[in-house]
file entry.tsv (TSV, C-alpha atoms)
chain	number	residue	atom	x	y	z
A	1	MET	CA	0.00	0.00	0.00
A	2	THR	CA	1.40	3.36	-1.03
A	3	SER	CA	1.21	6.23	1.44
A	4	LEU	CA	-0.54	9.49	0.65
A	5	ALA	CA	2.71	11.46	0.60
A	6	GLU	CA	5.56	11.09	-1.87
A	7	THR	CA	8.53	13.47	-1.62
A	8	ALA	CA	11.35	14.15	-4.05
A	9	ALA	CA	14.88	15.38	-3.32
A	10	LYS	CA	16.29	16.33	-6.68
A	11	PRO	CA	19.68	17.67	-7.65
A	12	SER	CA	19.45	21.36	-8.28
A	13	ASP	CA	20.12	21.33	-12.03
A	14	GLY	CA	19.21	17.94	-13.45
A	15	ALA	CA	16.23	15.90	-14.52
A	16	ALA	CA	15.70	12.23	-13.78
A	17	ALA	CA	18.00	11.21	-16.60
A	18	SER	CA	20.81	13.07	-14.85
A	19	GLY	CA	20.30	11.46	-11.45
A	20	GLU	CA	17.40	11.71	-9.01
A	21	VAL	CA	16.44	10.59	-5.53
A	22	ARG	CA	12.78	10.11	-4.54
A	23	THR	CA	11.36	8.76	-1.31
A	24	ARG	CA	7.99	7.41	-0.27
A	25	ARG	CA	6.58	5.56	2.72
A	26	GLU	CA	4.59	2.34	2.64
A	27	ASP	CA	3.20	1.13	5.99
A	28	GLY	CA	6.25	2.06	8.04
A	29	ARG	CA	8.68	1.16	5.27
A	30	LEU	CA	10.75	3.84	3.58
A	31	VAL	CA	11.32	3.31	-0.14
A	32	ILE	CA	14.18	5.26	-1.73
A	33	VAL	CA	14.01	5.31	-5.53
A	34	ALA	CA	17.29	6.00	-7.33
A	35	SER	CA	16.85	6.89	-10.97
A	36	GLY	CA	18.83	8.29	-13.87
A	37	ALA	CA	22.61	8.47	-14.11
A	38	TRP	CA	24.50	8.20	-10.82
A	39	VAL	CA	27.94	9.23	-12.04
A	40	ASN	CA	30.85	11.31	-10.80
A	41	GLU	CA	29.60	14.54	-12.40
A	42	ARG	CA	26.42	14.34	-10.29
A	43	ALA	CA	28.08	13.17	-7.07
A	44	GLY	CA	27.90	16.52	-5.26
A	45	ALA	CA	24.21	17.12	-5.98
A	46	LEU	CA	23.29	13.49	-5.23
A	47	ASP	CA	25.21	13.62	-1.96
A	48	ARG	CA	23.23	16.67	-0.84
A	49	ALA	CA	19.98	14.96	-1.81
A	50	LEU	CA	20.83	11.78	0.11
A	51	ARG	CA	21.76	13.73	3.23
A	52	LYS	CA	18.26	15.27	3.28
A	53	ILE	CA	16.52	11.89	3.56
A	54	GLU	CA	14.54	11.62	6.80
A	55	ALA	CA	14.39	7.96	7.93
A	56	ARG	CA	13.01	8.49	11.41
A	57	GLY	CA	10.21	6.04	12.24
A	58	ALA	CA	10.96	3.62	9.39
A	59	ARG	CA	11.32	-0.02	10.49
A	60	SER	CA	12.79	-1.06	7.16
A	61	ILE	CA	14.34	0.83	4.25
A	62	VAL	CA	14.37	-0.30	0.63
A	63	PHE	CA	16.62	1.10	-2.12
A	64	ASP	CA	14.85	0.62	-5.44
A	65	LEU	CA	17.46	0.71	-8.22
A	66	GLY	CA	15.14	-0.32	-11.04
A	67	GLU	CA	15.23	3.12	-12.68
A	68	LEU	CA	19.02	3.51	-12.68
A	69	THR	CA	20.50	4.02	-16.12
A	70	GLN	CA	24.18	4.59	-15.25
A	71	LEU	CA	26.31	3.88	-12.19
A	72	ASP	CA	30.01	4.48	-11.65
A	73	THR	CA	32.25	4.17	-8.60
A	74	ALA	CA	31.22	7.54	-7.16
A	75	GLY	CA	27.50	6.73	-7.41
A	76	ALA	CA	28.00	3.24	-5.99
A	77	TRP	CA	30.00	4.70	-3.12
A	78	LEU	CA	27.18	7.13	-2.31
A	79	LEU	CA	24.66	4.28	-2.28
A	80	THR	CA	26.86	2.10	-0.07
A	81	ARG	CA	27.69	4.93	2.31
A	82	THR	CA	24.02	5.88	2.70
A	83	ARG	CA	23.09	2.25	3.22
A	84	HIS	CA	25.64	1.88	6.02
A	85	PHE	CA	24.55	5.12	7.62
A	86	LEU	CA	20.89	4.16	7.65
A	87	SER	CA	21.74	0.70	8.98
A	88	ALA	CA	23.51	2.33	11.90
A	89	GLY	CA	20.14	3.78	12.96
A	90	GLY	CA	18.75	0.29	13.62
A	91	ALA	CA	16.64	-0.17	10.49
A	92	THR	CA	17.02	-3.05	8.04
A	93	VAL	CA	18.20	-1.84	4.64
A	94	GLU	CA	18.04	-3.80	1.41
A	95	LEU	CA	18.63	-3.21	-2.28
A	96	VAL	CA	16.01	-4.30	-4.79
A	97	ASN	CA	15.83	-4.34	-8.59
A	98	VAL	CA	19.62	-4.25	-8.88
A	99	GLY	CA	20.62	-4.57	-12.53
A	100	ASP	CA	23.10	-7.23	-13.56
A	101	ALA	CA	25.51	-4.54	-14.78
A	102	PHE	CA	25.55	-2.81	-11.38
A	103	ALA	CA	25.63	-5.81	-9.01
A	104	PRO	CA	29.42	-6.54	-9.22
A	105	LEU	CA	30.42	-2.96	-8.40
A	106	LEU	CA	27.97	-2.67	-5.49
A	107	GLY	CA	29.02	-6.05	-4.16
A	108	HIS	CA	32.69	-5.12	-4.28
A	109	LEU	CA	32.10	-1.89	-2.36
A	110	ALA	CA	29.93	-3.69	0.21
A	111	ARG	CA	32.86	-6.01	0.97
A	112	SER	CA	35.47	-3.22	1.00
A	113	ASP	CA	36.98	-1.79	4.16
A	114	ALA	CA	37.78	1.55	2.48
A	115	LEU	CA	34.56	3.29	3.55
A	116	PRO	CA	35.14	6.03	6.11
A	117	ALA	CA	33.62	5.74	9.54
A	118	LEU	CA	30.14	7.22	9.62
A	119	PRO	CA	28.88	9.38	12.45
A	120	SER	CA	26.54	7.73	14.87
A	121	VAL	CA	22.87	8.55	14.42
A	122	ASN	CA	22.51	9.04	18.17
A	123	PRO	CA	25.98	9.94	19.46
A	124	PRO	CA	26.55	9.24	23.14
A	125	PRO	CA	26.50	12.23	25.47
A	126	TYR	CA	29.82	13.86	26.17
A	127	ARG	CA	31.35	12.87	29.47
A	128	PHE	CA	34.28	14.31	31.37
A	129	GLY	CA	35.81	10.84	31.47
A	130	ASP	CA	36.08	10.89	27.67
A	131	TYR	CA	38.27	13.98	27.88
A	132	THR	CA	40.54	12.48	30.53
A	133	ALA	CA	40.75	9.23	28.54
A	134	ARG	CA	41.83	11.17	25.48
A	135	ILE	CA	44.55	12.92	27.49
A	136	GLY	CA	45.67	9.53	28.74
A	137	ARG	CA	45.89	8.09	25.24
A	138	ILE	CA	47.90	11.08	24.01
A	139	SER	CA	50.23	10.81	27.02
A	140	LEU	CA	50.81	7.11	26.43
A	141	ARG	CA	51.50	7.78	22.76
A	142	LEU	CA	54.06	10.47	23.67
A	143	LEU	CA	55.73	8.14	26.16
A	144	ALA	CA	55.92	5.45	23.47
A	145	VAL	CA	57.53	7.93	21.07
A	146	ALA	CA	60.01	8.97	23.77
A	147	GLY	CA	60.87	5.32	24.42
A	148	ARG	CA	61.47	4.64	20.73
A	149	LEU	CA	63.67	7.76	20.46
A	150	VAL	CA	65.75	6.58	23.43
A	151	GLY	CA	66.15	3.21	21.73
A	152	PHE	CA	67.17	4.93	18.49
A	153	LEU	CA	69.69	7.02	20.46
A	154	GLY	CA	71.20	3.82	21.83
A	155	LEU	CA	71.46	2.36	18.33
A	156	VAL	CA	73.21	5.50	17.04
A	157	CYS	CA	75.62	5.43	19.98
A	158	VAL	CA	76.50	1.80	19.26
A	159	VAL	CA	77.14	2.61	15.60
A	160	ALA	CA	79.23	5.65	16.57
A	161	LEU	CA	81.41	3.56	18.93
A	162	ARG	CA	81.84	0.96	16.20
A	163	ALA	CA	82.84	3.71	13.76
A	164	LEU	CA	85.50	4.92	16.20
A	165	GLY	CA	87.10	1.49	16.01
A	166	ARG	CA	87.15	1.67	12.21
A	167	PRO	CA	87.72	5.35	11.34
A	168	GLY	CA	88.52	4.48	7.74
A	169	ARG	CA	84.86	3.60	7.13
A	170	PHE	CA	83.61	7.02	8.20
A	171	ARG	CA	82.77	9.34	5.30
A	172	PHE	CA	83.90	12.91	5.95
A	173	ALA	CA	82.55	14.37	2.71
A	174	PRO	CA	78.86	13.95	3.77
A	175	LEU	CA	79.76	15.40	7.19
A	176	VAL	CA	81.09	18.59	5.60
A	177	VAL	CA	78.09	18.82	3.25
A	178	HIS	CA	75.61	18.50	6.11
A	179	MET	CA	77.57	21.01	8.20
A	180	GLU	CA	77.21	23.50	5.37
A	181	ARG	CA	73.49	22.81	4.85
A	182	ALA	CA	72.49	22.62	8.51
A	183	GLY	CA	74.76	25.35	9.84
A	184	LEU	CA	76.22	27.76	7.32
A	185	ASP	CA	73.11	28.02	5.15
A	186	ALA	CA	70.97	28.66	8.25
A	187	LEU	CA	72.94	31.73	9.34
A	188	PRO	CA	71.02	34.35	7.30
A	189	ILE	CA	67.56	33.45	8.62
A	190	VAL	CA	68.84	32.85	12.16
A	191	GLY	CA	70.73	36.12	12.19
A	192	MET	CA	67.83	38.17	10.86
A	193	LEU	CA	65.30	36.76	13.32
A	194	ALA	CA	67.70	36.99	16.26
A	195	PHE	CA	68.45	40.63	15.39
A	196	LEU	CA	64.75	41.49	15.26
A	197	ILE	CA	63.99	39.67	18.50
A	198	GLY	CA	66.84	41.54	20.17
A	199	VAL	CA	65.31	44.83	19.01
A	200	VAL	CA	61.84	43.87	20.27
A	201	PHE	CA	63.14	42.51	23.57
A	202	ALA	CA	65.17	45.66	24.27
A	203	PHE	CA	62.27	47.94	23.33
A	204	GLN	CA	59.81	46.13	25.58
A	205	GLY	CA	62.28	46.01	28.46
A	206	ALA	CA	63.09	49.70	28.12
A	207	ASP	CA	59.40	50.59	28.00
A	208	GLN	CA	58.80	48.90	31.34
A	209	LEU	CA	62.01	49.93	33.12
A	210	SER	CA	61.66	53.58	32.07
A	211	ARG	CA	58.74	53.87	34.50
A	212	PHE	CA	61.21	53.41	37.37
A	213	GLY	CA	64.07	55.38	35.85
A	214	ALA	CA	66.11	52.21	35.38
A	215	GLU	CA	66.60	52.26	31.63
A	216	ILE	CA	70.25	51.29	31.96
A	217	TYR	CA	69.22	47.87	33.30
A	218	THR	CA	67.68	47.11	29.92
A	219	VAL	CA	71.19	46.03	28.97
A	220	ASN	CA	71.31	43.55	31.86
A	221	LEU	CA	67.88	42.18	31.00
A	222	LEU	CA	68.79	41.79	27.36
A	223	GLY	CA	72.14	40.14	28.04
A	224	ILE	CA	70.84	37.60	30.54
A	225	GLY	CA	67.69	36.81	28.54
A	226	VAL	CA	69.49	36.35	25.23
A	227	LEU	CA	72.59	34.51	26.41
A	228	ARG	CA	70.83	32.12	28.79
A	229	GLU	CA	67.56	31.39	26.98
A	230	LEU	CA	66.49	33.28	23.87
A	231	GLY	CA	69.56	32.85	21.69
A	232	VAL	CA	69.76	29.08	21.97
A	233	LEU	CA	65.97	28.64	21.71
A	234	ILE	CA	65.69	30.81	18.60
A	235	ALA	CA	68.54	28.97	16.90
A	236	ALA	CA	67.25	25.52	17.88
A	237	ILE	CA	63.66	26.15	16.78
A	238	ILE	CA	64.71	27.62	13.43
A	239	VAL	CA	67.16	24.79	12.78
A	240	ALA	CA	64.53	22.22	13.78
A	241	GLY	CA	62.05	23.67	11.30
A	242	ARG	CA	64.64	24.09	8.58
A	243	SER	CA	67.29	21.37	8.88
A	244	GLY	CA	65.52	18.77	11.02
A	245	SER	CA	62.63	18.64	8.57
A	246	ALA	CA	65.13	18.38	5.71
A	247	PHE	CA	66.68	15.31	7.36
A	248	THR	CA	63.28	13.65	7.55
A	249	ALA	CA	62.36	14.53	3.97
A	250	GLN	CA	65.70	13.37	2.55
A	251	ILE	CA	65.77	10.03	4.34
A	252	GLY	CA	62.03	9.55	3.81
A	253	THR	CA	62.38	10.06	0.07
A	254	MET	CA	65.15	7.48	0.01
A	255	GLN	CA	62.82	5.14	1.89
A	256	VAL	CA	60.07	5.66	-0.68
A	257	ASN	CA	62.50	5.01	-3.54
A	258	GLU	CA	63.73	1.84	-1.75
A	259	GLU	CA	67.28	3.17	-1.70
A	260	ILE	CA	67.68	2.28	1.98
A	261	ASP	CA	66.57	-1.29	1.25
A	262	ALA	CA	69.16	-1.42	-1.50
A	263	MET	CA	71.86	-0.28	0.96
A	264	THR	CA	70.88	-3.02	3.39
A	265	VAL	CA	70.90	-5.67	0.67
A	266	ILE	CA	74.47	-4.86	-0.41
A	267	GLY	CA	75.68	-4.86	3.20
A	268	LEU	CA	75.80	-1.14	4.02
A	269	ASP	CA	74.53	0.23	7.31
A	270	PRO	CA	71.97	3.07	6.82
A	271	ILE	CA	72.63	4.35	10.34
A	272	GLU	CA	76.33	4.70	9.64
A	273	LEU	CA	75.88	6.21	6.18
A	274	LEU	CA	72.83	8.45	6.67
A	275	VAL	CA	72.24	9.13	10.35
A	276	LEU	CA	75.69	9.43	11.88
A	277	PRO	CA	76.99	12.21	9.55
A	278	ARG	CA	73.83	14.25	10.08
A	279	VAL	CA	73.96	13.90	13.87
A	280	LEU	CA	77.66	14.84	14.03
A	281	ALA	CA	77.12	17.77	11.67
A	282	MET	CA	74.33	19.11	13.86
A	283	LEU	CA	76.38	18.62	17.06
A	284	ILE	CA	79.24	20.63	15.57
A	285	THR	CA	77.32	23.43	13.90
A	286	LEU	CA	74.48	24.27	16.30
A	287	PRO	CA	76.75	25.70	19.06
A	288	LEU	CA	78.32	27.96	16.42
A	289	VAL	CA	74.88	28.98	15.16
A	290	VAL	CA	73.87	29.77	18.75
A	291	PHE	CA	76.94	31.98	19.17
A	292	PHE	CA	76.02	33.84	15.99
A	293	ALA	CA	72.39	34.21	17.13
A	294	ASN	CA	73.52	35.62	20.48
A	295	ALA	CA	75.76	38.14	18.76
A	296	MET	CA	73.03	39.28	16.37
A	297	ALA	CA	70.42	39.58	19.14
A	298	LEU	CA	72.80	41.66	21.27
A	299	LEU	CA	73.62	43.82	18.23
A	300	GLY	CA	69.92	44.46	17.65
A	301	GLY	CA	69.42	45.29	21.32
A	302	ALA	CA	72.47	47.58	21.35
A	303	LEU	CA	71.21	49.54	18.33
A	304	MET	CA	67.79	49.81	19.96
A	305	CYS	CA	69.29	51.12	23.22
A	306	TRP	CA	71.42	53.62	21.32
A	307	SER	CA	68.58	54.98	19.20
A	308	TYR	CA	65.78	54.87	21.81
A	309	LEU	CA	67.57	55.35	25.15
A	310	GLY	CA	70.70	57.20	24.06
A	311	ILE	CA	72.99	54.51	25.51
A	312	SER	CA	76.20	54.53	23.49
A	313	ILE	CA	77.79	51.31	22.29
A	314	PRO	CA	80.81	51.56	24.72
A	315	THR	CA	78.42	52.20	27.62
A	316	PHE	CA	76.28	49.27	26.47
A	317	LEU	CA	79.31	46.95	26.44
A	318	ARG	CA	80.51	48.08	29.88
A	319	GLN	CA	77.06	47.59	31.40
A	320	LEU	CA	76.72	44.22	29.67
A	321	HIS	CA	80.08	43.08	31.05
A	322	SER	CA	79.26	44.21	34.58
A	323	GLY	CA	75.77	42.69	34.57
A	324	LEU	CA	76.69	39.17	33.46
A	325	TYR	CA	77.73	36.30	35.67
A	326	ALA	CA	80.60	33.97	34.91
A	327	TRP	CA	78.36	31.21	33.50
A	328	THR	CA	75.81	33.37	31.70
A	329	PHE	CA	77.38	32.96	28.28
A	330	TRP	CA	78.30	29.29	28.65
A	331	ILE	CA	74.86	28.16	29.84
A	332	GLY	CA	73.30	28.83	26.44
A	333	VAL	CA	76.23	27.31	24.56
A	334	LEU	CA	76.21	24.17	26.72
A	335	LYS	CA	72.56	23.58	25.91
A	336	ALA	CA	73.22	23.65	22.17
A	337	PRO	CA	74.75	20.15	21.76
A	338	PHE	CA	71.82	18.57	23.60
A	339	PHE	CA	69.32	20.44	21.46
A	340	ALA	CA	71.31	19.49	18.36
A	341	GLY	CA	71.14	15.81	19.29
A	342	ILE	CA	67.38	16.02	19.83
A	343	ILE	CA	66.79	17.72	16.48
A	344	ALA	CA	69.03	15.43	14.43
A	345	LEU	CA	67.89	12.19	16.07
A	346	THR	CA	64.20	13.07	15.76
A	347	GLY	CA	64.56	14.10	12.12
A	348	CYS	CA	66.46	10.96	11.13
A	349	TYR	CA	64.22	8.66	13.19
A	350	GLU	CA	61.04	9.93	11.58
A	351	GLY	CA	62.66	9.73	8.14
A	352	LEU	CA	63.41	6.04	8.66
A	353	ARG	CA	59.78	5.44	9.67
A	354	VAL	CA	58.44	6.68	6.32
A	355	THR	CA	56.42	4.08	4.42
A	356	ARG	CA	56.11	3.58	0.67
A	357	SER	CA	53.97	6.66	0.01
A	358	ALA	CA	54.60	10.34	-0.65
A	359	GLU	CA	51.86	11.23	1.83
A	360	SER	CA	53.84	9.54	4.58
A	361	VAL	CA	56.84	11.77	3.81
A	362	GLY	CA	54.79	14.92	4.39
A	363	GLN	CA	53.10	13.60	7.53
A	364	LEU	CA	56.29	12.44	9.21
A	365	THR	CA	58.19	15.58	8.20
A	366	THR	CA	55.55	17.66	9.95
A	367	ARG	CA	55.62	15.32	12.93
A	368	SER	CA	59.40	15.53	13.22
A	369	VAL	CA	59.29	19.33	13.38
A	370	VAL	CA	56.56	19.30	16.06
A	371	GLU	CA	58.31	16.63	18.12
A	372	SER	CA	61.70	18.36	17.83
A	373	ILE	CA	60.39	21.73	18.97
A	374	PHE	CA	58.39	20.14	21.80
A	375	LEU	CA	61.39	18.15	23.04
A	376	VAL	CA	63.72	21.15	22.74
A	377	ILE	CA	61.43	23.32	24.86
A	378	LEU	CA	60.97	20.47	27.35
A	379	ALA	CA	64.73	19.99	27.60
A	380	ASP	CA	65.20	23.75	28.06
A	381	ALA	CA	62.71	23.71	30.95
A	382	LEU	CA	64.59	20.82	32.57
A	383	PHE	CA	67.90	22.64	32.13
A	384	THR	CA	66.41	25.77	33.72
A	385	ILE	CA	65.27	23.76	36.75
A	386	LEU	CA	68.66	22.08	36.99
A	387	PHE	CA	70.64	25.33	36.76
A	388	THR	CA	68.35	26.98	39.29
A	389	TYR	CA	68.89	24.07	41.69
A	390	LEU	CA	72.67	24.28	41.17
A	391	ARG	CA	72.51	28.09	41.57
A	392	VAL	CA	74.33	28.58	38.26
call {"tool": "encode", "arguments": {"input": "entry.tsv", "output": "structure tokens"}}
result
Amino acid sequence: MTSLAETAAKPSDGAAASGEVRTRREDGRLVIVASGAWVNERAGALDRALRKIEARGARSIVFDLGELTQLDTAGAWLLTRTRHFLSAGGATVELVNVGDAFAPLLGHLARSDALPALPSVNPPPYRFGDYTARIGRISLRLLAVAGRLVGFLGLVCVVALRALGRPGRFRFAPLVVHMERAGLDALPIVGMLAFLIGVVFAFQGADQLSRFGAEIYTVNLLGIGVLRELGVLIAAIIVAGRSGSAFTAQIGTMQVNEEIDAMTVIGLDPIELLVLPRVLAMLITLPLVVFFANAMALLGGALMCWSYLGISIPTFLRQLHSGLYAWTFWIGVLKAPFFAGIIALTGCYEGLRVTRSAESVGQLTTRSVVESIFLVILADALFTILFTYLRV
């Protein structure tokens, strides 16, 4: 028995021959009639029409495909997705009048696991426990990543000790190349940003200290802030985003092209050939980059103090010398090798985890930058606590 009401949800610019969705109700059963050409060109309009279907109150749902004239993968995917979505609401869904030409494609999609997860018709209410569980899962994942990085560090240390026993196997040409790319080529961007941050830091410090007539102590604030914290952090973050990501992309591309597998097959060690030169290059160059960043930040602050506060360069240098402690300069430089190890190890580790797809290269390159910066800032916080405890 056909109900009194029959509704139609049509694509905005097509007739039935171009793809149409109609619905009607028959004694608690919802009949969805698919007619015309369900092809890729009509996928957007058909998707909007299917999303407007109201299945509330229907005990069973029938897709009538007797009026279909064309069906490609996009149309079959829309049918299968809608069928799964309506089934999630508790109703029984079946396909009727399926043409022989369309049955293989629909059957293949029904057996496929490639369909995305569909939202629940009645999502459960949000609970505070869900939020805490999510934090727990993220924390466990970060701990797992930290554990794998520690294991990778141990592997690199073993390879480095083995290389010390056989120095003839170590390749110095890649070391010099990576020193140039990771250190020398990074100087322009590091210097420019450090200079600008020194200007901003001095301006903000002078603006606050001028209220108390203590503008001269802007020099002390700038020197301590740059040499202990800002200089090394600026350099490490820029190098992590520039060189650490390059390590991941380079090794990841080799992984995609199966070059690393080829190295292993012919008896070469990828850790010794690819990872060790990059780690050593970063350990050597980052302290020098930090020194350059400190100098540029202090230069920017000195020019700011001279132009805004009238503090001459000789006066700036005398005040800087008198306001610094013995370890102020070395604290920032001593942090640099640790930050360099974090950046290089994270970049190489994520590069080796790349799978056989270009998408994986982009994802893991982004992840290596995020992990490197996070670990660098975490290590800096731990160093700050340690130095405070040691009264350095």
call {"tool": "atom_distance", "arguments": {"input": "entry.tsv", "atom1": "CA of Trp77 in chain A", "atom2": "CA of Ser360 in chain A"}}
result
25.5 Å
call {"tool": "closest_residue", "arguments": {"input": "entry.tsv", "among": "A:Tyr217, A:Phe383, A:Tyr131, A:Tyr349", "to": "Arg367 in chain A", "atoms": "only C-alpha atoms"}}
result
A:Tyr349
call {"tool": "closest_atom_pairs", "arguments": {"input": "entry.tsv", "of": "range 133-202 of chain A", "to": "range 294-305 of chain A", "cutoff": "12 Å", "atoms": "all atoms listed in the file", "output": "CSV"}}
result
residue,atom,partner,partner_atom,distance
A:Leu187,CA,A:Met296,CA,10.3
A:Pro188,CA,A:Met296,CA,10.5
A:Ile189,CA,A:Met296,CA,11.1
A:Val190,CA,A:Met296,CA,8.8
A:Gly191,CA,A:Met296,CA,5.7
A:Met192,CA,A:Met296,CA,7.7
A:Leu193,CA,A:Ala297,CA,8.2
A:Ala194,CA,A:Ala297,CA,4.7
A:Phe195,CA,A:Ala297,CA,4.4
A:Leu196,CA,A:Gly300,CA,6.4
A:Ile197,CA,A:Ala297,CA,6.5
A:Gly198,CA,A:Ala297,CA,4.2
A:Val199,CA,A:Gly301,CA,4.7
A:Val200,CA,A:Gly301,CA,7.8
A:Phe201,CA,A:Gly301,CA,7.2
A:Ala202,CA,A:Gly301,CA,5.2
call {"tool": "write_last_selection", "arguments": {"input": "entry.tsv", "atoms": "C-alpha atoms", "output": "PDB file, in the coordinates of the input"}}
result
ATOM      1  CA  LEU A 187      72.940  31.730   9.340  1.00  0.00           C
ATOM      2  CA  PRO A 188      71.020  34.350   7.300  1.00  0.00           C
ATOM      3  CA  ILE A 189      67.560  33.450   8.620  1.00  0.00           C
ATOM      4  CA  VAL A 190      68.840  32.850  12.160  1.00  0.00           C
ATOM      5  CA  GLY A 191      70.730  36.120  12.190  1.00  0.00           C
ATOM      6  CA  MET A 192      67.830  38.170  10.860  1.00  0.00           C
ATOM      7  CA  LEU A 193      65.300  36.760  13.320  1.00  0.00           C
ATOM      8  CA  ALA A 194      67.700  36.990  16.260  1.00  0.00           C
ATOM      9  CA  PHE A 195      68.450  40.630  15.390  1.00  0.00           C
ATOM     10  CA  LEU A 196      64.750  41.490  15.260  1.00  0.00           C
ATOM     11  CA  ILE A 197      63.990  39.670  18.500  1.00  0.00           C
ATOM     12  CA  GLY A 198      66.840  41.540  20.170  1.00  0.00           C
ATOM     13  CA  VAL A 199      65.310  44.830  19.010  1.00  0.00           C
ATOM     14  CA  VAL A 200      61.840  43.870  20.270  1.00  0.00           C
ATOM     15  CA  PHE A 201      63.140  42.510  23.570  1.00  0.00           C
ATOM     16  CA  ALA A 202      65.170  45.660  24.270  1.00  0.00           C
TER      17      ALA A 202
END
call {"tool": "residues_near_point", "arguments": {"input": "entry.tsv", "point": "(18.1, 6.0, -9.2)", "cutoff": "7 Å", "atoms": "only C-alpha atoms", "output": "NGL selection string"}}
result
:A and (19-21 or 33-36 or 38 or 65 or 67-68)
call {"tool": "residues_around", "arguments": {"input": "entry.tsv", "residues": "range 78-80 of chain A", "least_positions_apart": "4", "cutoff": "7 Å", "atoms": "only C-alpha atoms", "output": "PDB file with C-alpha atoms, in the frame of the given file"}}
result
ATOM      1  CA  ASP A  47      25.210  13.620  -1.960  1.00  0.00           C
ATOM      2  CA  ALA A  74      31.220   7.540  -7.160  1.00  0.00           C
ATOM      3  CA  HIS A  84      25.640   1.880   6.020  1.00  0.00           C
ATOM      4  CA  LEU A 109      32.100  -1.890  -2.360  1.00  0.00           C
ATOM      5  CA  ALA A 110      29.930  -3.690   0.210  1.00  0.00           C
TER       6      ALA A 110
END
call {"tool": "residues_around", "arguments": {"input": "entry.tsv", "residues": "Thr248 in chain A", "least_positions_apart": "6", "cutoff": "7 Å", "atoms": "all atoms listed in the file", "output": "list in words"}}
result
Gly347, Cys348, Glu350, Gly351 and Thr365 of chain A
call {"tool": "closest_residue", "arguments": {"input": "entry.tsv", "among": "A:Arg353, A:Arg278, A:Arg211, A:Arg56", "to": "Ser87 in chain A", "atoms": "only C-alpha atoms"}}
result
A:Arg56
call {"tool": "closest_residue", "arguments": {"input": "entry.tsv", "among": "A:Ala146, A:Val354, A:Ala43, A:Ala281", "to": "Ile260 in chain A", "atoms": "all atoms listed in the file"}}
result
A:Val354
call {"tool": "atom_distance", "arguments": {"input": "entry.tsv", "atom1": "CA of Ala326 in chain A", "atom2": "CA of Val392 in chain A"}}
result
8.9 Å
call {"tool": "atom_distance", "arguments": {"input": "entry.tsv", "atom1": "CA of Leu95 in chain A", "atom2": "CA of Leu50 in chain A"}}
result
15.3 Å
call {"tool": "residues_around", "arguments": {"input": "entry.tsv", "residues": "Ala37 in chain A", "least_positions_apart": "3", "cutoff": "7 Å", "atoms": "only C-alpha atoms", "output": "ChimeraX atom specification"}}
result
/A:17-19,68-71
call {"tool": "residues_near_point", "arguments": {"input": "entry.tsv", "point": "(17.4, 13.9, 2.5)", "cutoff": "12 Å", "atoms": "all atoms listed in the file", "output": "list in words"}}
result
Thr7, Ala8, Ala9, Lys10, Pro11, Glu20, Val21, Arg22, Thr23, Arg24, Ile32, Ala45, Leu46, Asp47, Arg48, Ala49, Leu50, Arg51, Lys52, Ile53, Glu54, Ala55, Arg56, Thr82 and Leu86 of chain A
call {"tool": "residues_around", "arguments": {"input": "entry.tsv", "residues": "Ile342 in chain A", "least_positions_apart": "6", "cutoff": "12 Å", "atoms": "only C-alpha atoms", "output": "mmCIF file with C-alpha atoms, in the coordinates of the input"}}
result
data_model
loop_
_atom_site.group_PDB
_atom_site.id
_atom_site.type_symbol
_atom_site.label_atom_id
_atom_site.label_comp_id
_atom_site.auth_asym_id
_atom_site.auth_seq_id
_atom_site.Cartn_x
_atom_site.Cartn_y
_atom_site.Cartn_z
ATOM 1 C CA ALA A 146 60.010 8.970 23.770
ATOM 2 C CA LEU A 149 63.670 7.760 20.460
ATOM 3 C CA VAL A 150 65.750 6.580 23.430
ATOM 4 C CA PHE A 152 67.170 4.930 18.490
ATOM 5 C CA LEU A 153 69.690 7.020 20.460
ATOM 6 C CA ALA A 236 67.250 25.520 17.880
ATOM 7 C CA ILE A 237 63.660 26.150 16.780
ATOM 8 C CA VAL A 239 67.160 24.790 12.780
ATOM 9 C CA ALA A 240 64.530 22.220 13.780
ATOM 10 C CA GLY A 244 65.520 18.770 11.020
ATOM 11 C CA ARG A 278 73.830 14.250 10.080
ATOM 12 C CA VAL A 279 73.960 13.900 13.870
ATOM 13 C CA LEU A 280 77.660 14.840 14.030
ATOM 14 C CA MET A 282 74.330 19.110 13.860
ATOM 15 C CA LEU A 283 76.380 18.620 17.060
ATOM 16 C CA LEU A 286 74.480 24.270 16.300
ATOM 17 C CA LYS A 335 72.560 23.580 25.910
ATOM 18 C CA ALA A 336 73.220 23.650 22.170
ATOM 19 C CA CYS A 348 66.460 10.960 11.130
ATOM 20 C CA TYR A 349 64.220 8.660 13.190
ATOM 21 C CA SER A 368 59.400 15.530 13.220
ATOM 22 C CA VAL A 369 59.290 19.330 13.380
ATOM 23 C CA VAL A 370 56.560 19.300 16.060
ATOM 24 C CA GLU A 371 58.310 16.630 18.120
ATOM 25 C CA SER A 372 61.700 18.360 17.830
ATOM 26 C CA ILE A 373 60.390 21.730 18.970
ATOM 27 C CA PHE A 374 58.390 20.140 21.800
ATOM 28 C CA LEU A 375 61.390 18.150 23.040
ATOM 29 C CA VAL A 376 63.720 21.150 22.740
ATOM 30 C CA ILE A 377 61.430 23.320 24.860
ATOM 31 C CA LEU A 378 60.970 20.470 27.350
ATOM 32 C CA ALA A 379 64.730 19.990 27.600
ATOM 33 C CA ASP A 380 65.200 23.750 28.060
#
call {"tool": "residues_around", "arguments": {"input": "entry.tsv", "residues": "Ala58 in chain A", "least_positions_apart": "6", "cutoff": "9 Å", "atoms": "all atoms listed in the file", "output": "PyMOL selection string"}}
result
chain A and resi 25+27-30+91
